[in-house]
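Content type mmCIF, C-alpha atoms, from the file run10.cif:
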```
data_protein
loop_
_atom_site.label_atom_id
_atom_site.label_comp_id
_atom_site.auth_asym_id
_atom_site.auth_seq_id
_atom_site.Cartn_x
_atom_site.Cartn_y
_atom_site.Cartn_z
CA MET E 13 0.18 -62.38 78.35
CA LYS E 14 -2.07 -59.51 77.28
CA ILE E 15 -1.83 -57.94 73.86
CA ASN E 16 -0.45 -54.36 73.83
CA THR E 17 0.48 -51.62 71.35
CA THR E 18 3.82 -53.31 70.60
CA THR E 19 1.96 -56.50 69.68
CA LEU E 20 -0.25 -54.56 67.26
CA ALA E 21 2.83 -52.94 65.68
CA LYS E 22 4.72 -56.22 65.34
CA ASN E 23 1.74 -58.05 63.86
CA PHE E 24 1.19 -55.27 61.33
CA ILE E 25 4.86 -55.28 60.30
CA LYS E 26 4.96 -59.10 60.07
CA GLU E 27 1.90 -59.08 57.81
CA ASN E 28 3.45 -56.56 55.43
CA LEU E 29 7.26 -56.74 55.48
CA LYS E 30 9.10 -59.58 53.79
CA GLU E 31 12.53 -61.01 53.03
CA GLY E 32 14.61 -58.71 50.82
CA ASP E 33 12.70 -55.54 51.74
CA ILE E 34 14.11 -52.18 52.81
CA ALA E 35 12.95 -50.79 56.15
CA ILE E 36 13.55 -47.77 58.36
CA ASP E 37 13.56 -47.83 62.14
CA ALA E 38 13.01 -44.13 62.69
CA THR E 39 13.32 -44.39 66.48
CA MET E 40 16.13 -46.84 67.20
CA GLY E 41 15.97 -46.70 71.00
CA ARG E 42 17.56 -49.88 72.38
CA GLY E 43 17.23 -51.65 69.05
CA ASN E 44 14.16 -53.83 69.58
CA ASP E 45 12.57 -52.78 66.32
CA THR E 46 15.88 -52.56 64.43
CA LEU E 47 16.56 -56.21 65.31
CA PHE E 48 12.96 -57.21 64.55
CA LEU E 49 13.09 -55.55 61.10
CA ARG E 50 16.55 -56.97 60.35
CA GLU E 51 15.35 -60.50 61.17
CA ILE E 52 12.46 -60.15 58.73
CA VAL E 53 14.30 -58.55 55.78
CA GLY E 54 17.16 -61.05 56.04
CA ASP E 55 20.50 -61.00 54.22
CA ASN E 56 18.97 -59.64 51.00
CA GLY E 57 17.22 -56.72 52.66
CA PHE E 58 18.43 -53.63 54.49
CA VAL E 59 17.53 -51.64 57.60
CA TYR E 60 18.34 -47.98 58.25
CA ALA E 61 17.99 -46.99 61.91
CA PHE E 62 18.04 -43.46 63.37
CA ASP E 63 18.60 -42.03 66.82
CA ILE E 64 20.07 -38.83 68.23
CA GLN E 65 21.67 -40.51 71.27
CA GLU E 66 25.03 -42.35 71.22
CA GLU E 67 23.65 -44.57 73.99
CA ALA E 68 20.93 -45.84 71.61
CA LEU E 69 23.42 -46.64 68.85
CA GLU E 70 25.70 -48.53 71.25
CA ALA E 71 22.84 -50.55 72.71
CA THR E 72 21.45 -51.37 69.25
CA LYS E 73 24.85 -52.29 67.82
CA ASN E 74 25.39 -54.70 70.72
CA ARG E 75 21.95 -56.28 70.27
CA LEU E 76 22.63 -56.85 66.58
CA ILE E 77 26.12 -58.32 67.26
CA GLU E 78 24.69 -60.66 69.93
CA ASN E 79 22.25 -61.92 67.30
CA ASN E 80 24.86 -62.16 64.53
CA LEU E 81 22.88 -59.62 62.52
CA TYR E 82 25.20 -56.63 62.45
CA ASN E 83 25.27 -56.49 58.66
CA ASN E 84 22.82 -55.13 56.07
CA VAL E 85 22.02 -52.43 58.57
CA GLU E 86 23.13 -48.82 58.98
CA LEU E 87 22.89 -47.13 62.37
CA ILE E 88 22.71 -43.37 61.90
CA LEU E 89 23.36 -40.81 64.65
CA ASP E 90 20.92 -38.15 63.51
CA GLY E 91 17.29 -37.12 63.95
CA HIS E 92 14.70 -38.92 61.84
CA GLN E 93 13.66 -35.57 60.34
CA ASN E 94 16.87 -35.86 58.29
CA ILE E 95 16.30 -39.28 56.71
CA ASP E 96 16.45 -37.77 53.21
CA LYS E 97 20.13 -36.97 53.78
CA TYR E 98 20.86 -40.68 54.09
CA ILE E 99 18.29 -42.55 52.00
CA ASN E 100 17.60 -41.89 48.34
CA LYS E 101 15.72 -45.06 47.42
CA GLN E 102 12.20 -46.34 47.91
CA ILE E 103 11.36 -48.20 51.10
CA ASP E 104 8.84 -50.88 52.04
CA CYS E 105 8.27 -50.01 55.67
CA ALA E 106 9.03 -47.42 58.34
CA VAL E 107 8.56 -47.89 62.07
CA PHE E 108 8.17 -45.15 64.68
CA ASN E 109 8.01 -45.73 68.40
CA PHE E 110 7.78 -42.22 69.80
CA GLY E 111 8.69 -40.90 73.24
CA TYR E 112 11.94 -41.19 75.16
CA LEU E 113 14.69 -43.82 75.27
CA PRO E 114 13.61 -46.71 77.55
CA ARG E 115 15.72 -46.50 80.73
CA GLY E 116 17.20 -43.28 79.30
CA ASN E 117 16.81 -39.57 79.99
CA HIS E 118 13.09 -38.69 79.98
CA ASN E 119 13.98 -35.10 79.09
CA ILE E 120 15.15 -36.19 75.65
CA SER E 121 12.12 -37.30 73.66
CA THR E 122 10.66 -37.09 70.19
CA LYS E 123 8.80 -33.86 69.42
CA ALA E 124 5.70 -33.27 67.32
CA ASN E 125 7.25 -31.01 64.70
CA THR E 126 10.27 -33.19 63.85
CA SER E 127 8.19 -36.39 64.18
CA ILE E 128 5.77 -35.13 61.54
CA ILE E 129 8.56 -34.02 59.18
CA ALA E 130 10.01 -37.53 59.51
CA ILE E 131 6.66 -39.20 58.76
CA GLU E 132 6.18 -36.94 55.72
CA LYS E 133 9.62 -37.85 54.38
CA CYS E 134 8.95 -41.55 54.88
CA LEU E 135 5.60 -41.28 53.07
CA LYS E 136 7.40 -39.69 50.10
CA ILE E 137 9.81 -42.61 49.63
CA LEU E 138 7.32 -45.33 50.58
CA LYS E 139 6.51 -47.85 47.83
CA VAL E 140 2.87 -48.47 46.86
CA LYS E 141 1.47 -51.00 49.40
CA GLY E 142 4.33 -50.04 51.68
CA VAL E 143 3.42 -49.41 55.33
CA ILE E 144 4.26 -47.16 58.24
CA SER E 145 3.69 -48.20 61.86
CA LEU E 146 3.41 -45.54 64.56
CA CYS E 147 3.29 -46.21 68.33
CA VAL E 148 2.21 -42.97 69.93
CA TYR E 149 2.44 -42.33 73.66
CA GLN E 150 0.35 -39.95 75.74
CA GLY E 151 -0.11 -38.85 79.32
CA GLY E 152 2.55 -39.00 82.04
CA ASP E 153 5.93 -37.47 81.13
CA THR E 154 4.89 -37.45 77.49
CA GLY E 155 1.83 -35.24 77.64
CA PHE E 156 -0.65 -35.00 74.78
CA GLU E 157 0.86 -32.53 72.36
CA GLU E 158 2.73 -35.01 70.17
CA LYS E 159 -0.22 -37.44 70.09
CA ASP E 160 -2.70 -34.71 69.16
CA ALA E 161 -0.39 -33.35 66.43
CA ILE E 162 0.22 -36.78 64.91
CA LEU E 163 -3.49 -37.70 64.97
CA ASP E 164 -4.30 -34.39 63.33
CA PHE E 165 -1.64 -34.99 60.67
CA VAL E 166 -2.80 -38.52 59.74
CA LYS E 167 -6.48 -37.51 59.78
CA ASN E 168 -5.70 -35.09 56.98
CA LEU E 169 -3.83 -37.52 54.74
CA ASP E 170 -5.64 -37.96 51.39
CA TYR E 171 -7.74 -41.13 51.79
CA ASN E 172 -7.32 -41.96 48.12
CA LYS E 173 -3.57 -42.18 48.61
CA TYR E 174 -3.32 -43.53 52.14
CA THR E 175 -5.35 -45.80 54.38
CA VAL E 176 -4.98 -44.80 58.02
CA ILE E 177 -6.19 -47.11 60.81
CA VAL E 178 -6.03 -45.89 64.40
CA SER E 179 -6.34 -48.54 67.14
CA GLU E 180 -6.87 -47.83 70.82
CA PHE E 181 -6.94 -50.00 73.92
CA PHE E 182 -10.30 -48.57 74.68
CA ASN E 183 -10.99 -49.73 78.24
CA ARG E 184 -7.47 -49.51 79.72
CA PRO E 185 -6.68 -46.80 82.27
CA ASN E 186 -3.78 -44.29 82.30
CA TYR E 187 -3.79 -43.32 78.63
CA PRO E 188 -2.31 -46.39 76.96
CA PRO E 189 -0.30 -45.84 73.76
CA ILE E 190 -2.14 -45.69 70.45
CA HIS E 191 -1.22 -47.64 67.32
CA ILE E 192 -1.49 -46.09 63.86
CA LYS E 193 -1.20 -48.06 60.62
CA ILE E 194 -0.59 -46.23 57.34
CA ILE E 195 -0.80 -48.08 54.00
CA LYS E 196 0.18 -46.30 50.78
CA GLU E 197 -2.56 -47.14 48.26
CA ILE E 198 -1.39 -45.39 45.06
CA MET C 18 -8.27 -53.67 46.87
CA LYS C 19 -8.35 -51.48 49.98
CA ILE C 20 -8.65 -52.91 53.45
CA ASN C 21 -11.98 -52.22 55.19
CA THR C 22 -13.78 -53.03 58.43
CA THR C 23 -14.78 -56.47 57.13
CA THR C 24 -11.10 -57.23 56.48
CA LEU C 25 -10.21 -56.27 60.05
CA ALA C 26 -13.01 -58.50 61.39
CA LYS C 27 -12.05 -61.49 59.22
CA ASN C 28 -8.34 -61.20 60.10
CA PHE C 29 -9.16 -61.03 63.80
CA ILE C 30 -11.42 -64.10 63.60
CA LYS C 31 -8.87 -66.05 61.53
CA GLU C 32 -6.14 -65.32 64.09
CA ASN C 33 -8.28 -66.58 66.96
CA LEU C 34 -10.81 -69.18 65.80
CA LYS C 35 -9.72 -72.71 64.95
CA GLU C 36 -10.93 -76.10 63.79
CA GLY C 37 -13.32 -77.74 66.26
CA ASP C 38 -14.38 -74.46 67.90
CA ILE C 39 -17.90 -73.24 68.66
CA ALA C 40 -18.92 -69.87 67.21
CA ILE C 41 -21.95 -67.59 67.12
CA ASP C 42 -22.92 -65.44 64.19
CA ALA C 43 -25.16 -63.03 66.08
CA THR C 44 -26.21 -61.15 62.94
CA MET C 45 -26.71 -63.73 60.21
CA GLY C 46 -27.69 -61.35 57.41
CA ARG C 47 -27.03 -63.06 54.08
CA GLY C 48 -24.74 -65.60 55.69
CA ASN C 49 -21.29 -64.23 54.83
CA ASP C 50 -20.02 -64.60 58.38
CA THR C 51 -21.95 -67.81 59.04
CA LEU C 52 -20.22 -69.42 56.06
CA PHE C 53 -16.83 -67.92 57.03
CA LEU C 54 -17.14 -69.26 60.61
CA ARG C 55 -18.39 -72.67 59.43
CA GLU C 56 -15.40 -73.00 57.07
CA ILE C 57 -12.98 -72.35 59.93
CA VAL C 58 -14.55 -74.55 62.63
CA GLY C 59 -14.93 -77.46 60.21
CA ASP C 60 -16.79 -80.75 60.72
CA ASN C 61 -15.80 -80.98 64.39
CA GLY C 62 -16.98 -77.48 65.29
CA PHE C 63 -20.37 -75.80 65.36
CA VAL C 64 -21.90 -72.48 64.38
CA TYR C 65 -25.09 -70.95 65.79
CA ALA C 66 -26.48 -68.13 63.67
CA PHE C 67 -29.27 -65.69 64.59
CA ASP C 68 -31.53 -63.40 62.63
CA ILE C 69 -35.08 -62.10 63.03
CA GLN C 70 -35.86 -62.16 59.28
CA GLU C 71 -36.93 -65.26 57.35
CA GLU C 72 -35.22 -63.75 54.30
CA ALA C 73 -31.86 -63.91 56.10
CA LEU C 74 -32.33 -67.56 57.09
CA GLU C 75 -33.27 -68.54 53.54
CA ALA C 76 -30.31 -66.70 52.00
CA THR C 77 -27.89 -68.17 54.56
CA LYS C 78 -29.25 -71.70 54.20
CA ASN C 79 -28.79 -71.47 50.43
CA ARG C 80 -25.21 -70.18 50.76
CA LEU C 81 -24.32 -73.05 53.08
CA ILE C 82 -25.94 -75.64 50.78
CA GLU C 83 -24.09 -74.22 47.75
CA ASN C 84 -20.85 -74.70 49.67
CA ASN C 85 -21.77 -78.18 50.96
CA LEU C 86 -21.55 -76.87 54.51
CA TYR C 87 -25.15 -77.08 55.69
CA ASN C 88 -24.29 -79.26 58.67
CA ASN C 89 -22.82 -78.51 62.10
CA VAL C 90 -24.75 -75.28 61.96
CA GLU C 91 -28.04 -74.13 63.45
CA LEU C 92 -29.91 -71.21 61.91
CA ILE C 93 -32.17 -69.64 64.51
CA LEU C 94 -35.07 -67.29 63.72
CA ASP C 95 -34.88 -65.11 66.81
CA GLY C 96 -33.17 -61.95 68.05
CA HIS C 97 -29.59 -62.28 69.32
CA GLN C 98 -30.73 -60.93 72.69
CA ASN C 99 -32.24 -64.39 73.22
CA ILE C 100 -29.12 -66.50 72.59
CA ASP C 101 -29.28 -67.95 76.11
CA LYS C 102 -32.53 -69.70 75.15
CA TYR C 103 -30.64 -71.74 72.55
CA ILE C 104 -27.04 -72.11 73.77
CA ASN C 105 -26.03 -73.47 77.15
CA LYS C 106 -22.38 -74.20 76.50
CA GLN C 107 -19.20 -72.15 76.34
CA ILE C 108 -18.22 -70.57 73.04
CA ASP C 109 -14.91 -69.56 71.42
CA CYS C 110 -16.09 -66.67 69.30
CA ALA C 111 -19.05 -64.42 68.56
CA VAL C 112 -19.40 -62.16 65.56
CA PHE C 113 -21.67 -59.12 65.25
CA ASN C 114 -22.16 -57.10 62.11
CA PHE C 115 -24.73 -54.52 63.14
CA GLY C 116 -27.13 -52.51 61.04
CA TYR C 117 -29.69 -53.71 58.52
CA LEU C 118 -29.86 -56.67 56.16
CA PRO C 119 -27.78 -55.94 53.04
CA ARG C 120 -30.20 -55.38 50.14
CA GLY C 121 -33.03 -55.74 52.70
CA ASN C 122 -35.44 -53.40 54.45
CA HIS C 123 -33.47 -50.51 55.97
CA ASN C 124 -36.24 -49.96 58.51
CA ILE C 125 -35.42 -53.25 60.19
CA SER C 126 -32.06 -52.92 61.89
CA THR C 127 -30.27 -53.87 65.07
CA LYS C 128 -30.94 -51.58 68.04
CA ALA C 129 -28.61 -50.46 70.83
CA ASN C 130 -30.53 -51.99 73.73
CA THR C 131 -30.92 -55.51 72.30
CA SER C 132 -27.43 -55.40 70.76
CA ILE C 133 -25.88 -54.74 74.16
CA ILE C 134 -27.93 -57.48 75.85
CA ALA C 135 -26.66 -59.85 73.17
CA ILE C 136 -23.02 -58.84 73.65
CA GLU C 137 -23.39 -59.24 77.43
CA LYS C 138 -24.83 -62.73 77.01
CA CYS C 139 -22.01 -63.69 74.64
CA LEU C 140 -19.38 -62.41 77.11
CA LYS C 141 -20.92 -64.61 79.82
CA ILE C 142 -20.51 -67.82 77.84
CA LEU C 143 -17.20 -66.85 76.18
CA LYS C 144 -14.22 -69.07 77.05
CA VAL C 145 -11.02 -67.49 78.40
CA LYS C 146 -9.03 -66.24 75.38
CA GLY C 147 -12.27 -66.37 73.38
CA VAL C 148 -13.02 -63.36 71.21
CA ILE C 149 -15.90 -61.17 70.06
CA SER C 150 -15.76 -59.15 66.84
CA LEU C 151 -18.08 -56.17 66.39
CA CYS C 152 -18.56 -54.20 63.16
CA VAL C 153 -20.41 -51.05 64.11
CA TYR C 154 -22.00 -48.74 61.56
CA GLN C 155 -22.69 -45.05 61.93
CA GLY C 156 -24.07 -42.14 59.96
CA GLY C 157 -26.55 -42.40 57.07
CA ASP C 158 -29.66 -44.52 57.74
CA THR C 159 -27.99 -45.93 60.84
CA GLY C 160 -27.36 -42.76 62.81
CA PHE C 161 -25.05 -42.66 65.81
CA GLU C 162 -27.13 -43.94 68.70
CA GLU C 163 -26.17 -47.60 68.44
CA LYS C 164 -22.49 -46.81 67.87
CA ASP C 165 -22.35 -44.45 70.85
CA ALA C 166 -24.13 -46.94 73.10
CA ILE C 167 -21.85 -49.82 72.10
CA LEU C 168 -18.67 -47.72 72.52
CA ASP C 169 -19.90 -46.62 75.93
CA PHE C 170 -20.63 -50.23 76.89
CA VAL C 171 -17.22 -51.61 75.85
CA LYS C 172 -15.35 -48.66 77.41
CA ASN C 173 -16.77 -49.70 80.76
CA LEU C 174 -15.82 -53.37 80.56
CA ASP C 175 -13.38 -54.32 83.34
CA TYR C 176 -9.92 -54.13 81.76
CA ASN C 177 -8.65 -56.94 83.97
CA LYS C 178 -11.25 -59.27 82.47
CA TYR C 179 -11.46 -57.99 78.90
CA THR C 180 -9.12 -56.36 76.39
CA VAL C 181 -11.03 -54.02 74.08
CA ILE C 182 -9.38 -52.64 70.94
CA VAL C 183 -11.28 -50.09 68.85
CA SER C 184 -10.02 -49.49 65.29
CA GLU C 185 -11.12 -46.66 63.03
CA PHE C 186 -10.45 -45.81 59.40
CA PHE C 187 -9.29 -42.46 60.57
CA ASN C 188 -9.00 -40.46 57.35
CA ARG C 189 -11.97 -41.86 55.38
CA PRO C 190 -15.01 -39.66 54.82
CA ASN C 191 -18.68 -40.43 55.49
CA TYR C 192 -18.37 -42.11 58.86
CA PRO C 193 -16.87 -45.49 57.94
CA PRO C 194 -17.78 -48.45 60.17
CA ILE C 195 -15.71 -49.08 63.30
CA HIS C 196 -14.22 -52.41 64.30
CA ILE C 197 -14.15 -53.53 67.93
CA LYS C 198 -12.15 -56.53 69.18
CA ILE C 199 -12.92 -58.02 72.59
CA ILE C 200 -10.65 -60.67 74.13
CA LYS C 201 -11.66 -62.40 77.39
CA GLU C 202 -8.53 -62.43 79.57
CA ILE C 203 -9.65 -64.28 82.74
#
```
Just give me the structure as structure tokens.
Amino acid sequence: MKINTTTLAKNFIKENLKEGDIAIDATMGRGNDTLFLREIVGDNGFVYAFDIQEEALEATKNRLIENNLYNNVELILDGHQNIDKYINKQIDCAVFNFGYLPRGNHNISTKANTSIIAIEKCLKILKVKGVISLCVYQGGDTGFEEKDAILDFVKNLDYNKYTVIVSEFFNRPNYPPIHIKIIKEI
Amino acid sequence: MKINTTTLAKNFIKENLKEGDIAIDATMGRGNDTLFLREIVGDNGFVYAFDIQEEALEATKNRLIENNLYNNVELILDGHQNIDKYINKQIDCAVFNFGYLPRGNHNISTKANTSIIAIEKCLKILKVKGVISLCVYQGGDTGFEEKDAILDFVKNLDYNKYTVIVSEFFNRPNYPPIHIKIIKEI
């Protein structure tokens, strides 16, 4: 099995998130990351998950119930650009997996402007040494606009405050997704 | 302490190299990586280390002796483009840290053409699921020629045979070094 962008994201989260932590899944989708975060933070931690589609909340709720982990988690039917309406504490980790809902409507997808507002709001409430993981898609239905805007945004983050590492699958065809790690330094 | 390219390289090696393995330090320098590899492979493994400067061999030999690890290692005074003269077995890992000898003569440094020959020779003898770690410098005394040539080389590696991941410290000034991971897939 070949390593991919999801592997990079999961490894980064595993290295940095721990039992008892507070995490945000900013792009709930079918709940893969919500479940993954909930497993790591355990019964003393908490996960907030956001999506604008009822279908995503249903799918995620069912995945959590199947795994007996539908507690210490809040599934929120709203765009991630509004996280500050729901969370007024510091967080240890936020995870973004941009694009459209897997097996969902490709016309409904994350957009550069709201994605960047959401990242900014997560950075504000991120603890020192807290991390943000971004999986950014490009090409195909997705185009390049969101990727270019996000890369431009993270390139301009103050390097004294944030370490930004961008990783690319450099020799794969068809514009593979990019992984971005952000670590809050001070 | 902020993460840097050396951290990325060490984490990648730690995740993939194990006790009993055979590793190459293609750019011995002052022996940091030789010692690091030798610690991981242990008394049942082996490390071959290359450098063209006597000063590097002396420094590395002393570091190994200080750590009681001057066995199961061969320090070779020759360019890494000649590794096939010394190694005729399969290897698990090769490590390159390009540029000049730390605290040495900045006029003596690795060069694109021999660096790429060395990487090619390491790929040939790399086991399946074996890995190569490259720390590539740019800017300053180093310039961009070697970096550009190495990126061009790895971009053209067959993606069915090799996974190549390029990681950059995206928001740091002054052209920070780049880390390249290569994994042999088949």
Long-range neighbours of E:Pro185 as JSON, numbers by chain, 12 Å cut-off, all atoms listed in the file, 5 positions minimum in chain: {"E": [150, 151, 180], "C": [172, 173, 174, 175, 176, 177, 180, 181]}
Result set of the PyMOL selection byres ((chain E) within 12 of (chain C)) on the coordinates above, as a PyMOL selection string: chain E and resi 13-17+20+23-24+27+141+162-186+188-198
Grab the residues selected above and save them as a PDB file, in the frame of the given file with C-alpha atoms.
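Below is the file selection04.pdb, written as the result:
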```
ATOM      1  CA  MET E  13       0.180 -62.380  78.350  1.00  0.00           C
ATOM      2  CA  LYS E  14      -2.070 -59.510  77.280  1.00  0.00           C
ATOM      3  CA  ILE E  15      -1.830 -57.940  73.860  1.00  0.00           C
ATOM      4  CA  ASN E  16      -0.450 -54.360  73.830  1.00  0.00           C
ATOM      5  CA  THR E  17       0.480 -51.620  71.350  1.00  0.00           C
ATOM      6  CA  LEU E  20      -0.250 -54.560  67.260  1.00  0.00           C
ATOM      7  CA  ASN E  23       1.740 -58.050  63.860  1.00  0.00           C
ATOM      8  CA  PHE E  24       1.190 -55.270  61.330  1.00  0.00           C
ATOM      9  CA  GLU E  27       1.900 -59.080  57.810  1.00  0.00           C
ATOM     10  CA  LYS E 141       1.470 -51.000  49.400  1.00  0.00           C
ATOM     11  CA  ILE E 162       0.220 -36.780  64.910  1.00  0.00           C
ATOM     12  CA  LEU E 163      -3.490 -37.700  64.970  1.00  0.00           C
ATOM     13  CA  ASP E 164      -4.300 -34.390  63.330  1.00  0.00           C
ATOM     14  CA  PHE E 165      -1.640 -34.990  60.670  1.00  0.00           C
ATOM     15  CA  VAL E 166      -2.800 -38.520  59.740  1.00  0.00           C
ATOM     16  CA  LYS E 167      -6.480 -37.510  59.780  1.00  0.00           C
ATOM     17  CA  ASN E 168      -5.700 -35.090  56.980  1.00  0.00           C
ATOM     18  CA  LEU E 169      -3.830 -37.520  54.740  1.00  0.00           C
ATOM     19  CA  ASP E 170      -5.640 -37.960  51.390  1.00  0.00           C
ATOM     20  CA  TYR E 171      -7.740 -41.130  51.790  1.00  0.00           C
ATOM     21  CA  ASN E 172      -7.320 -41.960  48.120  1.00  0.00           C
ATOM     22  CA  LYS E 173      -3.570 -42.180  48.610  1.00  0.00           C
ATOM     23  CA  TYR E 174      -3.320 -43.530  52.140  1.00  0.00           C
ATOM     24  CA  THR E 175      -5.350 -45.800  54.380  1.00  0.00           C
ATOM     25  CA  VAL E 176      -4.980 -44.800  58.020  1.00  0.00           C
ATOM     26  CA  ILE E 177      -6.190 -47.110  60.810  1.00  0.00           C
ATOM     27  CA  VAL E 178      -6.030 -45.890  64.400  1.00  0.00           C
ATOM     28  CA  SER E 179      -6.340 -48.540  67.140  1.00  0.00           C
ATOM     29  CA  GLU E 180      -6.870 -47.830  70.820  1.00  0.00           C
ATOM     30  CA  PHE E 181      -6.940 -50.000  73.920  1.00  0.00           C
ATOM     31  CA  PHE E 182     -10.300 -48.570  74.680  1.00  0.00           C
ATOM     32  CA  ASN E 183     -10.990 -49.730  78.240  1.00  0.00           C
ATOM     33  CA  ARG E 184      -7.470 -49.510  79.720  1.00  0.00           C
ATOM     34  CA  PRO E 185      -6.680 -46.800  82.270  1.00  0.00           C
ATOM     35  CA  ASN E 186      -3.780 -44.290  82.300  1.00  0.00           C
ATOM     36  CA  PRO E 188      -2.310 -46.390  76.960  1.00  0.00           C
ATOM     37  CA  PRO E 189      -0.300 -45.840  73.760  1.00  0.00           C
ATOM     38  CA  ILE E 190      -2.140 -45.690  70.450  1.00  0.00           C
ATOM     39  CA  HIS E 191      -1.220 -47.640  67.320  1.00  0.00           C
ATOM     40  CA  ILE E 192      -1.490 -46.090  63.860  1.00  0.00           C
ATOM     41  CA  LYS E 193      -1.200 -48.060  60.620  1.00  0.00           C
ATOM     42  CA  ILE E 194      -0.590 -46.230  57.340  1.00  0.00           C
ATOM     43  CA  ILE E 195      -0.800 -48.080  54.000  1.00  0.00           C
ATOM     44  CA  LYS E 196       0.180 -46.300  50.780  1.00  0.00           C
ATOM     45  CA  GLU E 197      -2.560 -47.140  48.260  1.00  0.00           C
ATOM     46  CA  ILE E 198      -1.390 -45.390  45.060  1.00  0.00           C
TER      47      ILE E 198
END
```
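Comparing E:Cys147, E:Ile120, E:Leu81, E:Ala61 by their smallest distance to E:Tyr98, the closest is E:Ala61 (using only C-alpha atoms).
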Selection result of the PyMOL selection byres ((chain E and resi 56) around 12) on this file, as a list in words: Lys30, Glu31, Gly32, Asp33, Ile34, Ala35, Arg50, Glu51, Ile52, Val53, Gly54, Asp55, Gly57, Phe58, Val59, Asn83, Asn84 and Val85 of chain E
Reference answer for the PyMOL selection byres ((chain E and resi 70) around 12), as a VMD selection string: chain E and resid 40 to 43 63 to 69 71 to 77 82 87 to 89
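Within 6 Å of stretch 107-111 of chain E, once only C-alpha atoms are used and residues closer than 2 positions along the same chain are dropped, the contacting residues are Asp37, Ala38, Thr39, Ser121, Thr122, Ile144, Ser145, Leu146, Cys147 and Val148 of chain E.
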Generate a file for stretch 100-114 of chain E, containing N, CA and C atoms, as a compact mmCIF listing (two decimals), in the first residue's frame.
```txt
# COMPACT_ATOMS: atom_id res chain seq x y z
N ASN E 100 -15.36 28.64 22.19
CA ASN E 100 -14.70 29.79 22.81
C ASN E 100 -13.63 29.34 23.80
N LYS E 101 -12.92 28.26 23.40
CA LYS E 101 -11.80 27.79 24.22
C LYS E 101 -10.61 27.50 23.29
N GLN E 102 -9.47 27.27 23.89
CA GLN E 102 -8.29 26.97 23.08
C GLN E 102 -8.31 25.52 22.62
N ILE E 103 -7.76 25.29 21.45
CA ILE E 103 -7.75 23.93 20.88
C ILE E 103 -6.32 23.45 20.64
N ASP E 104 -6.19 22.13 20.52
CA ASP E 104 -4.87 21.53 20.30
C ASP E 104 -4.61 21.22 18.84
N CYS E 105 -5.68 21.08 18.08
CA CYS E 105 -5.51 20.58 16.71
C CYS E 105 -6.74 20.92 15.88
N ALA E 106 -6.53 21.26 14.62
CA ALA E 106 -7.65 21.39 13.67
C ALA E 106 -7.26 20.68 12.38
N VAL E 107 -8.25 20.02 11.79
CA VAL E 107 -8.00 19.22 10.58
C VAL E 107 -8.93 19.68 9.48
N PHE E 108 -8.34 19.95 8.31
CA PHE E 108 -9.11 20.35 7.13
C PHE E 108 -8.81 19.37 6.00
N ASN E 109 -9.86 18.91 5.37
CA ASN E 109 -9.72 18.04 4.21
C ASN E 109 -10.65 18.67 3.16
N PHE E 110 -10.09 19.54 2.35
CA PHE E 110 -10.91 20.41 1.49
C PHE E 110 -11.56 19.62 0.36
N GLY E 111 -12.33 20.34 -0.45
CA GLY E 111 -12.99 19.72 -1.60
C GLY E 111 -14.45 19.41 -1.32
N TYR E 112 -14.95 18.39 -2.02
CA TYR E 112 -16.37 18.04 -1.91
C TYR E 112 -16.55 16.78 -1.06
N LEU E 113 -17.82 16.52 -0.70
CA LEU E 113 -18.15 15.33 0.08
C LEU E 113 -17.88 14.08 -0.75
N PRO E 114 -17.08 13.12 -0.24
CA PRO E 114 -16.85 11.89 -1.00
C PRO E 114 -18.20 11.21 -1.30
```
